[in-house]
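Text of coords-v5.txt, listed as compact mmCIF, C-alpha atoms:
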```txt
# COMPACT_ATOMS: atom_id res chain seq x y z
CA MET A 279 45.19 170.36 236.74
CA GLN A 280 47.09 171.13 239.95
CA PRO A 281 46.67 168.58 242.75
CA ARG A 282 44.40 169.85 245.47
CA LYS A 283 46.30 170.66 248.62
CA ARG A 284 45.28 168.25 251.35
CA GLN A 285 43.67 169.96 254.30
CA ARG A 286 44.01 168.76 257.88
CA LYS A 287 40.50 167.97 259.04
CA ASN A 288 39.21 168.93 262.47
CA ALA A 289 42.01 171.45 263.00
CA SER A 290 39.58 173.27 265.29
CA ALA A 291 40.00 170.41 267.79
CA MET A 292 43.73 171.15 268.02
CA LYS A 293 42.99 174.84 268.54
CA LEU A 294 40.47 174.02 271.27
CA VAL A 295 42.92 171.80 273.15
CA GLY A 296 45.64 174.43 272.72
CA ALA A 297 43.36 177.10 274.12
CA LEU A 298 42.66 174.90 277.14
CA VAL A 299 46.38 174.43 277.75
CA ALA A 300 46.90 178.19 277.60
CA ARG A 301 43.94 178.88 279.94
CA PHE A 302 45.12 176.30 282.52
CA ARG A 303 48.73 177.53 282.30
CA ILE A 304 47.77 181.15 282.87
CA ALA A 305 45.48 180.19 285.77
CA ALA A 306 48.48 178.43 287.34
CA GLU A 307 50.51 181.65 286.86
CA LEU A 308 53.13 179.89 284.71
CA THR A 309 54.90 181.21 281.62
CA GLN A 310 55.35 178.95 278.60
CA ARG A 311 58.99 178.57 279.53
CA HIS A 312 58.18 177.57 283.12
CA LEU A 313 55.59 175.04 281.93
CA ALA A 314 58.11 173.61 279.45
CA GLU A 315 60.76 173.26 282.14
CA GLN A 316 58.40 171.50 284.53
CA THR A 317 57.09 169.09 281.89
CA CYS A 318 60.53 168.31 280.38
CA THR A 319 59.75 169.76 276.96
CA GLN A 320 60.64 172.90 274.96
CA PRO A 321 59.03 176.39 275.10
CA GLU A 322 58.45 176.32 271.35
CA THR A 323 56.56 173.05 271.76
CA ILE A 324 54.24 174.61 274.35
CA ALA A 325 53.74 177.65 272.09
CA SER A 326 52.91 175.46 269.09
CA ILE A 327 50.39 173.44 271.10
CA GLU A 328 48.69 176.55 272.47
CA GLN A 329 48.45 178.04 268.97
CA GLY A 330 46.87 174.85 267.61
CA ARG A 331 49.77 174.11 265.26
CA ARG A 332 50.90 170.94 267.05
CA ALA A 333 48.81 168.13 268.52
CA LEU A 334 49.11 167.63 272.28
CA GLN A 335 50.37 164.09 272.88
CA LEU A 336 48.91 161.88 275.61
CA PRO A 337 52.05 161.53 277.82
CA LEU A 338 52.51 165.30 277.88
CA ALA A 339 48.79 165.85 278.53
CA ARG A 340 49.04 163.61 281.59
CA ARG A 341 52.08 165.49 282.89
CA MET A 342 50.27 168.79 282.43
CA ASP A 343 47.14 167.51 284.20
CA THR A 344 49.24 166.54 287.21
CA LEU A 345 51.21 169.79 287.27
CA LEU A 346 48.24 172.09 286.63
CA ASP A 347 45.78 170.10 288.78
CA THR A 348 43.24 169.94 285.96
CA LYS A 349 41.56 166.70 287.08
CA GLY A 350 42.41 164.82 283.86
CA ALA A 351 40.80 167.39 281.59
CA LEU A 352 43.64 167.48 279.06
CA GLU A 353 44.04 163.69 279.01
CA THR A 354 40.30 163.37 278.31
CA ALA A 355 40.49 165.96 275.54
CA VAL A 356 43.40 164.21 273.82
CA GLU A 357 41.80 160.76 274.11
CA ASN A 358 38.65 162.08 272.44
CA MET A 359 40.38 164.16 269.76
CA PRO A 360 39.52 163.18 266.16
CA GLU A 361 42.12 160.65 265.00
CA VAL A 362 43.43 162.73 262.10
CA ASP A 363 44.70 165.34 264.57
CA LEU A 364 46.89 162.76 266.28
CA ILE A 365 48.91 161.89 263.16
CA PRO A 366 51.88 161.60 263.25
CA ALA A 367 51.60 161.09 267.00
CA TRP A 368 55.00 159.69 267.90
CA ALA A 369 56.96 161.32 265.08
CA GLU A 370 56.31 164.79 266.52
CA GLU A 371 57.39 163.71 269.99
CA TYR A 372 60.52 162.03 268.61
CA MET A 373 61.56 165.27 266.88
CA ASP A 374 61.19 167.15 270.15
CA LEU A 375 63.48 164.62 271.82
CA GLU A 376 65.97 164.71 268.94
CA ARG A 377 66.46 168.47 269.29
CA SER A 378 67.67 168.15 272.88
CA ALA A 379 69.35 164.72 272.73
CA LEU A 380 72.78 164.12 274.23
CA ALA A 381 73.46 161.17 271.93
CA LEU A 382 71.88 159.61 268.84
CA CYS A 383 72.46 156.27 267.12
CA PHE A 384 70.93 155.47 263.72
CA PHE A 385 70.74 152.18 261.85
CA ALA A 386 69.40 152.67 258.31
CA ASN A 387 68.96 150.00 255.64
CA GLN A 388 66.30 151.56 253.39
CA VAL A 389 66.98 155.29 253.07
CA LEU A 390 69.52 157.73 254.48
CA PRO A 391 68.63 159.12 257.91
CA GLY A 392 67.04 162.56 257.64
CA LEU A 393 70.03 164.17 259.38
CA LEU A 394 72.30 163.01 256.52
CA GLN A 395 70.09 163.96 253.58
CA THR A 396 70.88 166.75 251.15
CA GLU A 397 68.07 168.95 249.90
CA ARG A 398 67.96 167.09 246.58
CA TYR A 399 67.95 163.70 248.29
CA ALA A 400 65.18 164.77 250.70
CA ARG A 401 63.13 166.06 247.77
CA ALA A 402 63.58 162.74 245.96
CA VAL A 403 62.37 160.90 249.08
CA PHE A 404 59.18 162.94 249.27
CA ASP A 405 58.73 162.83 245.47
CA SER A 406 58.66 159.02 245.78
CA ARG A 407 55.76 158.97 248.23
CA VAL A 408 52.58 157.09 247.30
CA PRO A 409 50.03 158.66 247.38
CA THR A 410 51.82 161.74 246.13
CA PHE A 411 52.29 165.00 247.98
CA SER A 412 51.51 168.33 246.34
CA ARG A 413 54.44 170.63 245.48
CA ASP A 414 53.64 172.84 248.47
CA GLU A 415 53.60 169.83 250.80
CA ILE A 416 56.92 168.55 249.45
CA ASP A 417 58.50 171.99 249.92
CA ALA A 418 57.24 172.11 253.51
CA HIS A 419 58.50 168.61 254.34
CA VAL A 420 61.93 169.25 252.79
CA THR A 421 62.31 172.50 254.74
CA LYS A 422 61.37 170.80 257.99
CA ARG A 423 63.83 167.96 257.35
CA LEU A 424 66.72 170.31 256.61
CA ASP A 425 65.90 172.40 259.69
CA ARG A 426 66.37 169.28 261.83
CA GLN A 427 70.00 169.11 260.71
CA GLU A 428 70.81 172.24 262.71
CA ILE A 429 71.70 170.03 265.69
CA LEU A 430 74.73 168.67 263.79
CA ARG A 431 75.98 172.21 263.08
CA ARG A 432 76.07 173.29 266.72
CA ASP A 433 79.36 174.17 268.37
CA VAL A 434 78.83 171.07 270.51
CA PRO A 435 76.60 168.66 268.57
CA PRO A 436 75.10 165.55 270.17
CA THR A 437 77.39 162.52 269.99
CA THR A 438 75.99 160.88 266.88
CA SER A 439 76.60 157.50 265.26
CA PHE A 440 75.26 156.32 261.91
CA VAL A 441 75.41 152.76 260.57
CA VAL A 442 74.09 152.80 257.00
CA SER A 443 73.69 149.91 254.58
CA GLU A 444 75.94 150.04 251.52
CA ALA A 445 72.81 149.42 249.43
CA VAL A 446 71.44 152.79 250.60
CA VAL A 447 74.71 154.54 249.77
CA ARG A 448 74.83 153.01 246.28
CA ASP A 449 71.18 153.79 245.51
CA HIS A 450 70.71 156.42 242.78
CA LEU A 451 67.58 157.88 244.36
CA GLY A 452 66.86 161.19 242.64
CA GLY A 453 69.19 160.49 239.71
CA ASN A 454 72.92 160.66 239.04
CA GLU A 455 73.40 164.29 240.06
CA THR A 456 71.75 163.68 243.41
CA TYR A 457 73.81 160.49 243.84
CA HIS A 458 77.09 162.33 243.21
CA GLU A 459 76.14 165.14 245.60
CA THR A 460 75.11 162.63 248.29
CA LEU A 461 78.45 160.79 248.11
CA ARG A 462 80.37 164.04 248.53
CA HIS A 463 78.07 165.05 251.40
CA LEU A 464 78.59 161.74 253.21
CA SER A 465 82.35 161.89 252.68
CA ALA A 466 82.42 165.28 254.41
CA PHE A 467 80.81 163.73 257.49
CA THR A 468 83.59 161.17 257.95
CA GLY A 469 85.92 163.78 259.46
CA LYS A 470 83.52 165.68 261.72
CA PRO A 471 84.27 165.49 265.47
CA GLY A 472 81.61 163.77 267.54
CA ILE A 473 79.95 162.23 264.48
CA SER A 474 80.64 158.67 263.32
CA LEU A 475 79.55 157.28 259.94
CA GLN A 476 79.99 153.57 259.21
CA ILE A 477 78.82 151.66 256.16
CA MET A 478 77.50 148.11 256.47
CA PRO A 479 79.06 146.28 253.48
CA LEU A 480 76.92 144.21 251.12
CA ALA A 481 79.21 141.19 251.41
CA ARG A 482 78.26 140.44 255.03
CA THR A 483 77.38 136.80 255.75
CA THR A 484 75.85 137.69 259.16
CA HIS A 485 73.83 140.74 260.09
CA ALA A 486 72.37 141.96 263.41
CA GLY A 487 69.89 144.39 261.83
CA LEU A 488 67.64 142.18 259.74
CA ASP A 489 64.55 143.26 261.66
CA GLY A 490 64.80 146.75 260.18
CA PRO A 491 65.96 150.31 260.92
CA PHE A 492 65.82 151.96 264.34
CA ILE A 493 67.13 154.93 266.32
CA LEU A 494 68.51 155.03 269.86
CA LEU A 495 68.46 158.33 271.74
CA GLU A 496 69.73 159.60 275.10
CA THR A 497 67.86 162.51 276.67
CA PRO A 498 69.39 165.32 278.80
CA ASP A 499 68.30 163.45 281.94
CA TYR A 500 70.12 160.32 280.67
CA GLN A 501 66.99 158.36 279.78
CA ARG A 502 67.45 156.01 276.83
CA ILE A 503 64.66 155.85 274.25
CA ALA A 504 64.28 154.05 270.92
CA TYR A 505 62.27 155.07 267.86
CA THR A 506 61.11 152.81 265.04
CA GLU A 507 59.04 153.37 261.91
CA THR A 508 56.98 151.03 259.75
CA GLN A 509 55.05 151.53 256.52
CA ARG A 510 52.01 153.01 258.28
CA GLY A 511 53.12 154.04 261.73
CA SER A 512 55.89 154.68 264.22
CA GLN A 513 56.53 154.29 267.92
CA LEU A 514 58.70 155.43 270.79
CA ILE A 515 60.07 152.67 273.02
CA SER A 516 61.14 153.26 276.61
CA ASP A 517 60.85 149.78 278.12
CA PRO A 518 64.32 148.96 279.57
CA ASP A 519 64.25 145.37 278.30
CA GLU A 520 63.50 146.46 274.74
CA ILE A 521 66.11 149.23 274.90
CA SER A 522 68.68 146.68 276.07
CA ILE A 523 67.94 144.42 273.10
CA LEU A 524 68.25 147.27 270.59
CA SER A 525 71.44 148.50 272.27
CA GLN A 526 72.94 145.02 271.91
CA LYS A 527 71.91 144.96 268.25
CA TYR A 528 73.50 148.34 267.63
CA ALA A 529 76.74 147.36 269.35
CA MET A 530 76.93 144.26 267.14
CA LEU A 531 76.12 146.30 264.01
CA ARG A 532 79.04 148.63 264.71
CA THR A 533 81.44 145.67 264.88
CA GLN A 534 80.04 144.25 261.62
CA ALA A 535 80.19 147.53 259.69
CA LEU A 536 83.26 149.11 258.13
CA ASN A 537 85.11 151.36 260.55
CA THR A 538 85.22 155.10 259.87
CA GLU A 539 88.50 154.96 257.92
CA GLU A 540 87.25 152.06 255.77
CA THR A 541 83.99 153.91 255.23
CA LYS A 542 85.88 156.98 253.99
CA GLY A 543 87.85 154.70 251.65
CA LEU A 544 84.68 153.18 250.19
CA LEU A 545 83.11 156.59 249.63
CA ASP A 546 86.30 157.82 247.95
CA ARG A 547 86.32 154.77 245.66
CA LEU A 548 82.69 155.35 244.71
CA LEU A 549 83.44 159.01 244.00
CA GLY A 550 86.44 157.93 241.92
CA GLU A 551 84.20 155.74 239.76
CA LEU A 552 82.05 158.70 238.69
```

Can I see the file as structure tokens?
Amino acid sequence: MQPRKRQRKNASAMKLVGALVARFRIAAELTQRHLAEQTCTQPETIASIEQGRRALQLPLARRMDTLLDTKGALETAVENMPEVDLIPAWAEEYMDLERSALALCFFANQVLPGLLQTERYARAVFDSRVPTFSRDEIDAHVTKRLDRQEILRRDVPPTTSFVVSEAVVRDHLGGNETYHETLRHLSAFTGKPGISLQIMPLARTTHAGLDGPFILLETPDYQRIAYTETQRGSQLISDPDEISILSQKYAMLRTQALNTEETKGLLDRLLGEL
């Protein structure tokens, strides 16, 4: 028996909010591009919201209410939207920020960052989910993850730094073939301009990242934002004090990890053991 494809409940609420955004935008005589520019987002994000394919997030709703003079109508709609339509709330907003970021810093100690995953590795990640996804859902998630990697293939990619635990690199997630492919894929990243990959060795006696993985991001207007995920949720962090703490942690992690040349050497040794 094929697993039943999970349906997003209350999708009509997203369509209703999207229709309101479109109605208010047109009344203000703004194009989607103009609205995106004035709310510091992307035209495709506005289009997705208006078509009911993406949930409108509260911070953006508030910006739109101010710009469109809608007396808090969109904020009220989002606050009263059925909860299922708000999931994943911060993950969607993070991905919007990632696409336009000037700089990205990743610390990973459980699984490779999505930007470094091969198709096989990404499929193994989603295959491991409990409760399980259907085949169609896994295909959709893998495609979306690989599409995110486009930012690293640009002529001028964002300045990107990865610090990854050696335990993650040595993990055989997905089996031996996936492991071999992943090592070769990571080795290829060690020579790319603007992209730094460092491995945190297992033999460390001190470690600045014991509280878990996180991402630091710099936006086009030079705002610094952090993103963290837990088992059942995620959050964006913009408080300057918290950003300072995470920035200090990341600076320390980079000094504790292998440098890029040593990282290339470790990957080559692991490939040589195959």

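Separating atom CA of Ala466 of chain A from atom CA of Lys542 of chain A is a distance of 9.0 Å.
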
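Between atom CA of Ile327 of chain A and atom CA of Gln395 of chain A the separation is 28.0 Å.
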
Would you write out, as a tab-separated table, a table of all residues in segment 403-439 of chain A that have an atom no more than 10 Å from an atom of segment 485-508 of chain A, listing for each the closest atom pair and the distance in Å to one decimal, considering all atoms listed in the file and ordering rows by chain and rising residue number?
```
residue	atom	partner	partner_atom	distance
A:Pro436	CA	A:Glu496	CA	9.4
A:Thr437	CA	A:Glu496	CA	9.7
A:Thr438	CA	A:Leu495	CA	9.3
A:Ser439	CA	A:Leu494	CA	9.6
```

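Nearest to Leu313 of chain A of all the residues A:Arg413, A:His419, A:Arg377, A:Arg341 is A:Arg341, based on all atoms listed in the file.
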
Using all atoms listed in the file, determine which residues lie at most 12 Å from Lys422 of chain A, disregarding the query and same-chain residues fewer than 5 positions distant; provide the list as a VMD selection string. chain A and resid 370 373 392 to 393 395 397 400 to 401 404 415 to 417 427 to 428

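Distance-wise, atom CA of Leu536 of chain A and atom CA of Leu390 of chain A end up 16.6 Å apart.
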
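Closest approach to Ser525 of chain A among A:Gly511, A:Arg340, A:Leu382, A:Ile473: A:Leu382, based on only C-alpha atoms.
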
Selection as a list in words: residues within 9 Å of (73.9, 154.7, 248.0), counting all atoms listed in the file: Val389, Leu390, Ser443, Glu444, Ala445, Val446, Val447, Arg448, Asp449, His450, Leu451, Tyr457, Thr460 and Leu461 of chain A

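The residue that comes closest to Glu371 of chain A, out of A:Phe411, A:Glu357, A:Leu514, A:Thr468 and on the basis of only C-alpha atoms, is A:Leu514.
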
Nearby residues (only C-alpha atoms) at most 12 Å from segment 302-306 of chain A, same-chain spacing under 4 positions excluded, as JSON, numbers by chain: {"A": [295, 296, 297, 298, 310, 311, 312, 313, 314, 316, 317, 324, 325, 328, 339, 342, 343, 344, 345, 346, 347, 348, 349, 350, 351, 352]}

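Across A:Ala355, A:Leu524, A:Tyr372, A:Thr396, the tightest approach to Ser512 of chain A is made by A:Tyr372 when counting only C-alpha atoms.
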
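Nearest residue to Arg398 of chain A among A:Asp425, A:Asp519, A:Glu455, A:Glu551 is A:Glu455, counting only C-alpha atoms.
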
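Restricting the calculation to only C-alpha atoms, the smallest distance between Arg532 of chain A and any of A:Val299, A:Val441, A:Leu375, A:Ile515 is found for A:Val441.
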
Working from the structure I just supplied, which lacks atoms in segment 289-317 of chain A, can you model N, CA and C atoms there and output them as a PDB file, in the coordinates of the input?
```pdb
ATOM      1  N   ALA A 289      40.955 170.636 262.409  1.00  0.00           N
ATOM      2  CA  ALA A 289      42.010 171.450 263.000  1.00  0.00           C
ATOM      3  C   ALA A 289      41.481 172.263 264.177  1.00  0.00           C
ATOM      4  N   SER A 290      40.163 172.506 264.178  1.00  0.00           N
ATOM      5  CA  SER A 290      39.580 173.270 265.290  1.00  0.00           C
ATOM      6  C   SER A 290      39.741 172.530 266.608  1.00  0.00           C
ATOM      7  N   ALA A 291      39.804 171.185 266.566  1.00  0.00           N
ATOM      8  CA  ALA A 291      40.000 170.410 267.790  1.00  0.00           C
ATOM      9  C   ALA A 291      41.368 170.696 268.391  1.00  0.00           C
ATOM     10  N   MET A 292      42.394 170.824 267.535  1.00  0.00           N
ATOM     11  CA  MET A 292      43.730 171.150 268.020  1.00  0.00           C
ATOM     12  C   MET A 292      43.737 172.545 268.641  1.00  0.00           C
ATOM     13  N   LYS A 293      43.044 173.475 268.011  1.00  0.00           N
ATOM     14  CA  LYS A 293      42.990 174.840 268.540  1.00  0.00           C
ATOM     15  C   LYS A 293      42.268 174.873 269.879  1.00  0.00           C
ATOM     16  N   LEU A 294      41.211 174.067 270.009  1.00  0.00           N
ATOM     17  CA  LEU A 294      40.470 174.020 271.270  1.00  0.00           C
ATOM     18  C   LEU A 294      41.340 173.475 272.398  1.00  0.00           C
ATOM     19  N   VAL A 295      42.037 172.371 272.129  1.00  0.00           N
ATOM     20  CA  VAL A 295      42.920 171.800 273.150  1.00  0.00           C
ATOM     21  C   VAL A 295      44.032 172.781 273.493  1.00  0.00           C
ATOM     22  N   GLY A 296      44.589 173.442 272.475  1.00  0.00           N
ATOM     23  CA  GLY A 296      45.640 174.430 272.720  1.00  0.00           C
ATOM     24  C   GLY A 296      45.150 175.584 273.574  1.00  0.00           C
ATOM     25  N   ALA A 297      43.917 176.015 273.325  1.00  0.00           N
ATOM     26  CA  ALA A 297      43.360 177.100 274.120  1.00  0.00           C
ATOM     27  C   ALA A 297      43.164 176.679 275.576  1.00  0.00           C
ATOM     28  N   LEU A 298      42.802 175.408 275.778  1.00  0.00           N
ATOM     29  CA  LEU A 298      42.660 174.900 277.140  1.00  0.00           C
ATOM     30  C   LEU A 298      44.000 174.894 277.871  1.00  0.00           C
ATOM     31  N   VAL A 299      45.046 174.443 277.153  1.00  0.00           N
ATOM     32  CA  VAL A 299      46.380 174.430 277.750  1.00  0.00           C
ATOM     33  C   VAL A 299      46.768 175.847 278.181  1.00  0.00           C
ATOM     34  N   ALA A 300      46.544 176.811 277.295  1.00  0.00           N
ATOM     35  CA  ALA A 300      46.900 178.190 277.600  1.00  0.00           C
ATOM     36  C   ALA A 300      46.103 178.711 278.811  1.00  0.00           C
ATOM     37  N   ARG A 301      44.798 178.411 278.834  1.00  0.00           N
ATOM     38  CA  ARG A 301      43.940 178.880 279.940  1.00  0.00           C
ATOM     39  C   ARG A 301      44.404 178.272 281.279  1.00  0.00           C
ATOM     40  N   PHE A 302      44.675 176.957 281.290  1.00  0.00           N
ATOM     41  CA  PHE A 302      45.120 176.300 282.520  1.00  0.00           C
ATOM     42  C   PHE A 302      46.493 176.808 282.955  1.00  0.00           C
ATOM     43  N   ARG A 303      47.378 177.036 281.982  1.00  0.00           N
ATOM     44  CA  ARG A 303      48.730 177.530 282.300  1.00  0.00           C
ATOM     45  C   ARG A 303      48.665 178.915 282.946  1.00  0.00           C
ATOM     46  N   ILE A 304      47.876 179.797 282.346  1.00  0.00           N
ATOM     47  CA  ILE A 304      47.770 181.150 282.870  1.00  0.00           C
ATOM     48  C   ILE A 304      47.128 181.140 284.262  1.00  0.00           C
ATOM     49  N   ALA A 305      46.122 180.283 284.455  1.00  0.00           N
ATOM     50  CA  ALA A 305      45.480 180.190 285.770  1.00  0.00           C
ATOM     51  C   ALA A 305      46.463 179.725 286.839  1.00  0.00           C
ATOM     52  N   ALA A 306      47.453 178.902 286.412  1.00  0.00           N
ATOM     53  CA  ALA A 306      48.480 178.430 287.340  1.00  0.00           C
ATOM     54  C   ALA A 306      49.618 179.418 287.495  1.00  0.00           C
ATOM     55  N   GLU A 307      49.515 180.572 286.796  1.00  0.00           N
ATOM     56  CA  GLU A 307      50.510 181.650 286.860  1.00  0.00           C
ATOM     57  C   GLU A 307      51.892 181.145 286.411  1.00  0.00           C
ATOM     58  N   LEU A 308      51.890 180.399 285.302  1.00  0.00           N
ATOM     59  CA  LEU A 308      53.130 179.890 284.710  1.00  0.00           C
ATOM     60  C   LEU A 308      53.336 180.500 283.334  1.00  0.00           C
ATOM     61  N   THR A 309      54.573 180.814 282.993  1.00  0.00           N
ATOM     62  CA  THR A 309      54.900 181.210 281.620  1.00  0.00           C
ATOM     63  C   THR A 309      55.056 179.944 280.787  1.00  0.00           C
ATOM     64  N   GLN A 310      55.115 180.106 279.472  1.00  0.00           N
ATOM     65  CA  GLN A 310      55.350 178.950 278.600  1.00  0.00           C
ATOM     66  C   GLN A 310      56.683 178.300 278.924  1.00  0.00           C
ATOM     67  N   ARG A 311      57.676 179.113 279.209  1.00  0.00           N
ATOM     68  CA  ARG A 311      58.990 178.570 279.530  1.00  0.00           C
ATOM     69  C   ARG A 311      58.955 177.762 280.835  1.00  0.00           C
ATOM     70  N   HIS A 312      58.270 178.286 281.846  1.00  0.00           N
ATOM     71  CA  HIS A 312      58.180 177.570 283.120  1.00  0.00           C
ATOM     72  C   HIS A 312      57.422 176.251 282.947  1.00  0.00           C
ATOM     73  N   LEU A 313      56.344 176.268 282.165  1.00  0.00           N
ATOM     74  CA  LEU A 313      55.590 175.040 281.930  1.00  0.00           C
ATOM     75  C   LEU A 313      56.447 174.026 281.175  1.00  0.00           C
ATOM     76  N   ALA A 314      57.223 174.507 280.199  1.00  0.00           N
ATOM     77  CA  ALA A 314      58.110 173.610 279.450  1.00  0.00           C
ATOM     78  C   ALA A 314      59.145 172.974 280.368  1.00  0.00           C
ATOM     79  N   GLU A 315      59.734 173.775 281.234  1.00  0.00           N
ATOM     80  CA  GLU A 315      60.760 173.260 282.140  1.00  0.00           C
ATOM     81  C   GLU A 315      60.184 172.192 283.072  1.00  0.00           C
ATOM     82  N   GLN A 316      58.987 172.420 283.554  1.00  0.00           N
ATOM     83  CA  GLN A 316      58.400 171.500 284.530  1.00  0.00           C
ATOM     84  C   GLN A 316      57.788 170.266 283.897  1.00  0.00           C
ATOM     85  N   THR A 317      57.608 170.273 282.576  1.00  0.00           N
ATOM     86  CA  THR A 317      57.090 169.090 281.890  1.00  0.00           C
ATOM     87  C   THR A 317      58.142 168.449 280.983  1.00  0.00           C
TER      88      THR A 317
END
```
